[in-house]
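Chemist: Can you read through this structure? Questions will come right after.
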Amino acid sequence: MPLPNKRAARRHRRDVKMGAGASTDYASVAQALDDGHSQVNIERHLTNSCTKEIEAINKAFGTDEDRPATAVACGRAAQRALDGLGFEVNNMVFANSTSRDEFTREHHWWAYLEGRATDVVSETPAPTFDIGGLGGMLAAGKTGLELVASHALEKVGAIFLFFGPHVGCDEEGRMGFVTHAGQDAPAPCGAAAAQAVEWAKKNKGATPKDADDQQMDKVRAVALKNLEAIKDADAPPAAAPAPAEGEEEAAEPVVVEAPAKNGAVVMAEALYQATYEDVLRLVPKHLAQNRPVVLCGGINVITGPGKPDFFACKNFQVYSPREPDQPNDAFSSYRASLRALLFDPSAP
């Protein structure tokens, strides 16, 4: 019996384009995978011009156990973790609460996390719902989440909720800025978060209340709550102490490094935490009553045109309808899947 034609199967995939400057050989990650390239080789190819960005992203969001990876690798790892946990990706509903204010970003990097691309050949794409607003905060409330849950009942499947804010990283490794396609210089990213911080500096102690800008009011409230931490992170590093009387000056000047987390990073983490609190409050009762819900939360890092975006995963949990108030931590499954993709040469 002949093997299935991979190139024919590819026509049924939901492809993820590689980006204007990321590949000269393949139009999509799925195409490279079909031709037998491992994710570790794809990762190496995609990141070969991102040295400064990766260093800055790791300093900002890396931990002893985890480092951010490309959004494509993280999305494939999440889907593999779902498979290992017994979920069928083709029978899932994908709900995304991510930053939709960055209209010029290359959204295709996030297609695996958003359910718009899978490693599984399927004639029928899984339903996807965009339920996020400015800053990646939930735009859907109780009713919106219940409507998403009703579609999961129709699919007889589970729900994958991907959430988190975004922050830019320019080619010099500066967090909070990125050069978009068509721009000559880096601009603030995320823009809504940056504007909210400036508003908070001018309106300390005020209550955001604009009926025509309700999403922005939520972002402003987060900026107000975390303003001092943001200002501290953006403060210039303290100068090296002068030598005491009678001491000789050091032969080499003391280099005082800037902190790994600037105000843009602190604000992104604050937006993530605020959204996570909303998720914990709303999901058990309004999304996980009748179908399992898998939460995947973190911070999206946007880079320049043609370069891959990155994801710093902070949360991977499973809610069961039997015990919606007691989520199970599945981060170890996600971590194992990501490591297998990135470090196992035999991984497809």
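Here's how to read the names in the structure tokens: chain A, B, ... by the order shown, residue numbers from 1 in each chain, ligand numbers from 1 in the order shown.
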Mind checking which residues fall within 7 Å of Leu161 in chain A, counting only C-alpha atoms, ignoring those fewer than 3 positions away in the same chain, and posting them as a PyMOL selection string?
Modeler: chain A and resi 94-96+294-296
Chemist: Deliver the residues from the most recent selection as a file, using N, CA, C and O atoms, as a PDB file, in the first residue's frame.
Modeler:
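As written to disk, result.pdb reads:
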```pdb
ATOM      1  N   PHE A  94     -11.604  26.752  19.590  1.00  0.00           N
ATOM      2  CA  PHE A  94     -10.499  27.614  19.997  1.00  0.00           C
ATOM      3  C   PHE A  94     -11.017  29.030  20.250  1.00  0.00           C
ATOM      4  O   PHE A  94     -11.649  29.633  19.379  1.00  0.00           O
ATOM      5  N   ALA A  95     -10.761  29.532  21.446  1.00  0.00           N
ATOM      6  CA  ALA A  95     -11.135  30.902  21.806  1.00  0.00           C
ATOM      7  C   ALA A  95      -9.859  31.661  22.142  1.00  0.00           C
ATOM      8  O   ALA A  95      -9.020  31.171  22.905  1.00  0.00           O
ATOM      9  N   ASN A  96      -9.697  32.834  21.558  1.00  0.00           N
ATOM     10  CA  ASN A  96      -8.454  33.590  21.698  1.00  0.00           C
ATOM     11  C   ASN A  96      -8.712  34.964  22.290  1.00  0.00           C
ATOM     12  O   ASN A  96      -9.447  35.762  21.725  1.00  0.00           O
ATOM     13  N   VAL A 294      -9.238  24.038  28.384  1.00  0.00           N
ATOM     14  CA  VAL A 294      -7.789  24.085  28.549  1.00  0.00           C
ATOM     15  C   VAL A 294      -7.357  25.542  28.447  1.00  0.00           C
ATOM     16  O   VAL A 294      -7.647  26.212  27.453  1.00  0.00           O
ATOM     17  N   LEU A 295      -6.698  26.030  29.480  1.00  0.00           N
ATOM     18  CA  LEU A 295      -6.191  27.402  29.483  1.00  0.00           C
ATOM     19  C   LEU A 295      -4.725  27.405  29.083  1.00  0.00           C
ATOM     20  O   LEU A 295      -3.928  26.615  29.598  1.00  0.00           O
ATOM     21  N   CYS A 296      -4.375  28.296  28.174  1.00  0.00           N
ATOM     22  CA  CYS A 296      -2.976  28.498  27.801  1.00  0.00           C
ATOM     23  C   CYS A 296      -2.727  29.996  27.807  1.00  0.00           C
ATOM     24  O   CYS A 296      -3.165  30.713  26.904  1.00  0.00           O
TER      25      CYS A 296
END
```
Chemist: Please provide the set of residues having any atom within 12 Å of Thr47 in chain A, restricted to only C-alpha atoms, with same-chain residues fewer than 2 positions apart removed, written as a ChimeraX atom specification.
Modeler: /A:18,21-23,39-45,49-55,69-73,303-304,306-310
Chemist: Give me a file of those residues, with N, CA and C atoms, as an mmCIF file, in the first residue's frame.
Modeler:
```
data_model
loop_
_atom_site.group_PDB
_atom_site.id
_atom_site.type_symbol
_atom_site.label_atom_id
_atom_site.label_comp_id
_atom_site.auth_asym_id
_atom_site.auth_seq_id
_atom_site.Cartn_x
_atom_site.Cartn_y
_atom_site.Cartn_z
ATOM 1 N N MET A 18 5.517 31.606 6.376
ATOM 2 C CA MET A 18 6.757 31.790 7.112
ATOM 3 C C MET A 18 7.079 33.253 7.366
ATOM 4 N N GLY A 21 10.679 37.727 5.444
ATOM 5 C CA GLY A 21 12.125 37.579 5.511
ATOM 6 C C GLY A 21 12.581 36.314 6.189
ATOM 7 N N ALA A 22 11.654 35.398 6.486
ATOM 8 C CA ALA A 22 12.009 34.247 7.305
ATOM 9 C C ALA A 22 12.398 33.024 6.498
ATOM 10 N N SER A 23 12.039 32.940 5.244
ATOM 11 C CA SER A 23 12.345 31.740 4.487
ATOM 12 C C SER A 23 12.469 32.049 3.009
ATOM 13 N N GLN A 39 11.212 20.479 13.861
ATOM 14 C CA GLN A 39 10.941 21.801 14.418
ATOM 15 C C GLN A 39 12.227 22.471 14.885
ATOM 16 N N VAL A 40 13.187 21.671 15.377
ATOM 17 C CA VAL A 40 14.431 22.274 15.853
ATOM 18 C C VAL A 40 15.180 22.931 14.698
ATOM 19 N N ASN A 41 15.147 22.320 13.503
ATOM 20 C CA ASN A 41 15.794 22.939 12.348
ATOM 21 C C ASN A 41 15.022 24.165 11.871
ATOM 22 N N ILE A 42 13.696 24.073 11.904
ATOM 23 C CA ILE A 42 12.876 25.227 11.531
ATOM 24 C C ILE A 42 13.129 26.375 12.497
ATOM 25 N N GLU A 43 13.204 26.045 13.788
ATOM 26 C CA GLU A 43 13.454 27.063 14.813
ATOM 27 C C GLU A 43 14.800 27.744 14.577
ATOM 28 N N ARG A 44 15.803 26.926 14.261
ATOM 29 C CA ARG A 44 17.140 27.478 14.007
ATOM 30 C C ARG A 44 17.107 28.419 12.808
ATOM 31 N N HIS A 45 16.380 28.023 11.778
ATOM 32 C CA HIS A 45 16.289 28.849 10.574
ATOM 33 C C HIS A 45 15.551 30.156 10.855
ATOM 34 N N SER A 49 18.459 35.326 12.717
ATOM 35 C CA SER A 49 18.730 36.771 12.676
ATOM 36 C C SER A 49 18.117 37.489 13.876
ATOM 37 N N CYS A 50 17.851 36.742 14.952
ATOM 38 C CA CYS A 50 17.151 37.315 16.110
ATOM 39 C C CYS A 50 17.991 37.264 17.387
ATOM 40 N N THR A 51 19.307 37.332 17.275
ATOM 41 C CA THR A 51 20.160 37.153 18.453
ATOM 42 C C THR A 51 19.855 38.165 19.546
ATOM 43 N N LYS A 52 19.779 39.440 19.190
ATOM 44 C CA LYS A 52 19.538 40.473 20.200
ATOM 45 C C LYS A 52 18.129 40.364 20.778
ATOM 46 N N GLU A 53 17.166 40.075 19.909
ATOM 47 C CA GLU A 53 15.793 39.941 20.401
ATOM 48 C C GLU A 53 15.680 38.783 21.390
ATOM 49 N N ILE A 54 16.276 37.639 21.042
ATOM 50 C CA ILE A 54 16.168 36.462 21.902
ATOM 51 C C ILE A 54 16.833 36.715 23.253
ATOM 52 N N GLU A 55 17.979 37.378 23.247
ATOM 53 C CA GLU A 55 18.658 37.692 24.510
ATOM 54 C C GLU A 55 17.772 38.563 25.398
ATOM 55 N N ALA A 69 9.873 30.575 23.314
ATOM 56 C CA ALA A 69 10.214 29.999 22.014
ATOM 57 C C ALA A 69 9.346 30.673 20.965
ATOM 58 N N THR A 70 9.583 30.350 19.699
ATOM 59 C CA THR A 70 8.752 30.961 18.669
ATOM 60 C C THR A 70 7.298 30.558 18.884
ATOM 61 N N ALA A 71 6.400 31.429 18.461
ATOM 62 C CA ALA A 71 4.976 31.151 18.637
ATOM 63 C C ALA A 71 4.566 29.880 17.905
ATOM 64 N N VAL A 72 5.225 29.595 16.775
ATOM 65 C CA VAL A 72 4.916 28.373 16.027
ATOM 66 C C VAL A 72 5.269 27.143 16.854
ATOM 67 N N ALA A 73 6.475 27.119 17.429
ATOM 68 C CA ALA A 73 6.887 25.973 18.242
ATOM 69 C C ALA A 73 5.975 25.811 19.455
ATOM 70 N N THR A 303 8.049 40.808 16.991
ATOM 71 C CA THR A 303 9.321 41.287 16.456
ATOM 72 C C THR A 303 9.088 41.946 15.097
ATOM 73 N N GLY A 304 10.167 42.281 14.421
ATOM 74 C CA GLY A 304 10.062 43.003 13.158
ATOM 75 C C GLY A 304 9.537 42.156 12.018
ATOM 76 N N GLY A 306 8.918 39.791 8.990
ATOM 77 C CA GLY A 306 9.661 38.649 8.492
ATOM 78 C C GLY A 306 10.329 37.822 9.559
ATOM 79 N N LYS A 307 10.420 38.347 10.783
ATOM 80 C CA LYS A 307 11.009 37.595 11.883
ATOM 81 C C LYS A 307 9.898 36.926 12.684
ATOM 82 N N PRO A 308 10.194 35.797 13.314
ATOM 83 C CA PRO A 308 9.134 35.099 14.044
ATOM 84 C C PRO A 308 8.757 35.818 15.329
ATOM 85 N N ASP A 309 7.486 35.753 15.679
ATOM 86 C CA ASP A 309 7.055 36.214 16.993
ATOM 87 C C ASP A 309 7.341 35.114 18.015
ATOM 88 N N PHE A 310 7.359 35.497 19.293
ATOM 89 C CA PHE A 310 7.703 34.565 20.366
ATOM 90 C C PHE A 310 6.585 34.533 21.406
#
```
Chemist: Please, what distance in Å, to one decimal, runs between CA of Ser337 in chain A and CA of Asp35 in chain A?
Modeler: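 Taking CA of Ser337 in chain A as the start and CA of Asp35 in chain A as the end point, the length is 21.0 Å.
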Chemist: Find the distance between CA of Asp119 in chain A and CA of Arg76 in chain A and write it in Å to one decimal.
Modeler: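 Interatomic distance here is 7.5 Å.
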Chemist: One number please: CA of Asn48 in chain A to CA of Gly36 in chain A, in Å, one decimal.
Modeler: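 So the two atoms, CA of Asn48 in chain A and CA of Gly36 in chain A, lie 19.8 Å apart.
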Chemist: Write out as a PyMOL selection string the set of residues from range 54-279 of chain A that DSSP, computed on the backbone, places in strand (DSSP E or B).
Modeler: chain A and resi 69-70+93-98+128-130+132+138+159-164+166-169+175+177-178+187-188
Chemist: I need the chosen residues saved as a PDB file, in the first residue's frame, with N, CA and C atoms.
Modeler:
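Done, and the output landed in selection_39.pdb:
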```pdb
ATOM      1  N   ALA A  69       9.873  30.575  23.314  1.00  0.00           N
ATOM      2  CA  ALA A  69      10.214  29.999  22.014  1.00  0.00           C
ATOM      3  C   ALA A  69       9.346  30.673  20.965  1.00  0.00           C
ATOM      4  N   THR A  70       9.583  30.350  19.699  1.00  0.00           N
ATOM      5  CA  THR A  70       8.752  30.961  18.669  1.00  0.00           C
ATOM      6  C   THR A  70       7.298  30.558  18.884  1.00  0.00           C
ATOM      7  N   VAL A  93     -12.931  23.618  20.221  1.00  0.00           N
ATOM      8  CA  VAL A  93     -13.263  24.998  19.878  1.00  0.00           C
ATOM      9  C   VAL A  93     -12.137  25.871  20.424  1.00  0.00           C
ATOM     10  N   PHE A  94     -11.604  26.752  19.590  1.00  0.00           N
ATOM     11  CA  PHE A  94     -10.499  27.614  19.997  1.00  0.00           C
ATOM     12  C   PHE A  94     -11.017  29.030  20.250  1.00  0.00           C
ATOM     13  N   ALA A  95     -10.761  29.532  21.446  1.00  0.00           N
ATOM     14  CA  ALA A  95     -11.135  30.902  21.806  1.00  0.00           C
ATOM     15  C   ALA A  95      -9.859  31.661  22.142  1.00  0.00           C
ATOM     16  N   ASN A  96      -9.697  32.834  21.558  1.00  0.00           N
ATOM     17  CA  ASN A  96      -8.454  33.590  21.698  1.00  0.00           C
ATOM     18  C   ASN A  96      -8.712  34.964  22.290  1.00  0.00           C
ATOM     19  N   SER A  97      -8.102  35.211  23.443  1.00  0.00           N
ATOM     20  CA  SER A  97      -8.176  36.537  24.047  1.00  0.00           C
ATOM     21  C   SER A  97      -6.775  37.126  24.009  1.00  0.00           C
ATOM     22  N   THR A  98      -6.430  37.665  22.848  1.00  0.00           N
ATOM     23  CA  THR A  98      -5.109  38.252  22.655  1.00  0.00           C
ATOM     24  C   THR A  98      -5.264  39.676  22.147  1.00  0.00           C
ATOM     25  N   THR A 128     -13.161  28.897  15.563  1.00  0.00           N
ATOM     26  CA  THR A 128     -12.298  29.802  16.324  1.00  0.00           C
ATOM     27  C   THR A 128     -13.076  31.065  16.663  1.00  0.00           C
ATOM     28  N   PHE A 129     -12.854  31.570  17.866  1.00  0.00           N
ATOM     29  CA  PHE A 129     -13.545  32.770  18.340  1.00  0.00           C
ATOM     30  C   PHE A 129     -12.518  33.762  18.875  1.00  0.00           C
ATOM     31  N   ASP A 130     -12.551  34.980  18.377  1.00  0.00           N
ATOM     32  CA  ASP A 130     -11.708  36.052  18.897  1.00  0.00           C
ATOM     33  C   ASP A 130     -12.498  36.792  19.972  1.00  0.00           C
ATOM     34  N   GLY A 132     -10.872  38.591  22.580  1.00  0.00           N
ATOM     35  CA  GLY A 132      -9.987  39.494  23.298  1.00  0.00           C
ATOM     36  C   GLY A 132     -10.114  40.926  22.823  1.00  0.00           C
ATOM     37  N   LEU A 138      -9.936  40.146  28.341  1.00  0.00           N
ATOM     38  CA  LEU A 138     -11.180  39.553  27.860  1.00  0.00           C
ATOM     39  C   LEU A 138     -12.160  40.634  27.417  1.00  0.00           C
ATOM     40  N   ILE A 159     -12.735  23.015  24.888  1.00  0.00           N
ATOM     41  CA  ILE A 159     -12.440  24.405  24.532  1.00  0.00           C
ATOM     42  C   ILE A 159     -10.993  24.702  24.889  1.00  0.00           C
ATOM     43  N   PHE A 160     -10.276  25.316  23.956  1.00  0.00           N
ATOM     44  CA  PHE A 160      -8.903  25.754  24.198  1.00  0.00           C
ATOM     45  C   PHE A 160      -8.919  27.274  24.245  1.00  0.00           C
ATOM     46  N   LEU A 161      -8.611  27.835  25.406  1.00  0.00           N
ATOM     47  CA  LEU A 161      -8.617  29.289  25.584  1.00  0.00           C
ATOM     48  C   LEU A 161      -7.179  29.786  25.673  1.00  0.00           C
ATOM     49  N   PHE A 162      -6.768  30.505  24.647  1.00  0.00           N
ATOM     50  CA  PHE A 162      -5.429  31.087  24.564  1.00  0.00           C
ATOM     51  C   PHE A 162      -5.542  32.571  24.883  1.00  0.00           C
ATOM     52  N   PHE A 163      -4.788  33.045  25.885  1.00  0.00           N
ATOM     53  CA  PHE A 163      -4.947  34.446  26.277  1.00  0.00           C
ATOM     54  C   PHE A 163      -3.605  35.070  26.650  1.00  0.00           C
ATOM     55  N   GLY A 164      -3.558  36.386  26.534  1.00  0.00           N
ATOM     56  CA  GLY A 164      -2.373  37.112  26.960  1.00  0.00           C
ATOM     57  C   GLY A 164      -2.154  38.386  26.167  1.00  0.00           C
ATOM     58  N   HIS A 166       0.464  41.480  24.468  1.00  0.00           N
ATOM     59  CA  HIS A 166       1.683  41.433  23.671  1.00  0.00           C
ATOM     60  C   HIS A 166       2.570  42.620  24.018  1.00  0.00           C
ATOM     61  N   VAL A 167       3.854  42.448  23.704  1.00  0.00           N
ATOM     62  CA  VAL A 167       4.828  43.525  23.852  1.00  0.00           C
ATOM     63  C   VAL A 167       5.832  43.371  22.714  1.00  0.00           C
ATOM     64  N   GLY A 168       6.338  44.485  22.217  1.00  0.00           N
ATOM     65  CA  GLY A 168       7.276  44.434  21.102  1.00  0.00           C
ATOM     66  C   GLY A 168       8.711  44.270  21.559  1.00  0.00           C
ATOM     67  N   CYS A 169       9.556  43.849  20.621  1.00  0.00           N
ATOM     68  CA  CYS A 169      11.001  43.802  20.850  1.00  0.00           C
ATOM     69  C   CYS A 169      11.673  44.162  19.533  1.00  0.00           C
ATOM     70  N   MET A 175      12.791  46.251  24.584  1.00  0.00           N
ATOM     71  CA  MET A 175      11.430  45.789  24.830  1.00  0.00           C
ATOM     72  C   MET A 175      10.468  46.974  24.837  1.00  0.00           C
ATOM     73  N   PHE A 177       9.106  48.210  21.960  1.00  0.00           N
ATOM     74  CA  PHE A 177       9.154  48.884  20.658  1.00  0.00           C
ATOM     75  C   PHE A 177       9.325  47.846  19.560  1.00  0.00           C
ATOM     76  N   VAL A 178       8.833  48.173  18.369  1.00  0.00           N
ATOM     77  CA  VAL A 178       9.047  47.318  17.206  1.00  0.00           C
ATOM     78  C   VAL A 178       8.889  48.168  15.953  1.00  0.00           C
ATOM     79  N   ALA A 187       8.364  51.887  16.840  1.00  0.00           N
ATOM     80  CA  ALA A 187       7.241  52.577  17.476  1.00  0.00           C
ATOM     81  C   ALA A 187       6.826  51.787  18.708  1.00  0.00           C
ATOM     82  N   PRO A 188       6.146  52.433  19.677  1.00  0.00           N
ATOM     83  CA  PRO A 188       5.710  51.706  20.874  1.00  0.00           C
ATOM     84  C   PRO A 188       4.846  50.500  20.526  1.00  0.00           C
TER      85      PRO A 188
END
```
Chemist: Tell me, as JSON, numbers by chain, which residues lie within 12 Å of range 227-234 of chain A, counting only C-alpha atoms; anything in the same chain fewer than 2 positions away does not count.
Modeler: {"A": [60, 175, 176, 193, 194, 196, 197, 198, 199, 200, 201, 202, 203, 204, 205, 219, 220, 221, 222, 223, 224, 225, 236, 237, 238, 258, 259, 260, 261, 262, 263, 264, 265, 266, 267, 268, 269, 270]}
Chemist: Which residue is closest to Gly190 in chain A? Choose from A:Ala78, A:Ala274, A:Ala117, A:Leu134 and count only C-alpha atoms.
Modeler: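 Distance minimum relative to Gly190 in chain A lands on A:Leu134.
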Chemist: Here is a test: counting only C-alpha atoms, which residue of A:Trp109, A:Tyr272, A:Tyr334, A:Tyr319 is nearest to Ala30 in chain A?
Modeler: A:Trp109
Chemist: In range 21-150 of chain A, what's helix (DSSP H, G or I) per DSSP? Answer as a ChimeraX atom specification?
Modeler: /A:29-34,39-46,51-61,71-84,89-91,107-110,134-136,142-150
Chemist: Could you check which of A:Lys218, A:Trp110, A:Lys59, A:Leu85 is closest to Phe311 in chain A, using only C-alpha atoms?
Modeler: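 Closest to Phe311 in chain A, using only C-alpha atoms: A:Trp110.
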Chemist: Would you please work out which residue, of A:Gln79, A:Asn91, A:Thr179, A:Asn300, is nearest to Ala152 in chain A when using only C-alpha atoms?
Modeler: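 For Ala152 in chain A, the nearest of the candidates is A:Asn91.
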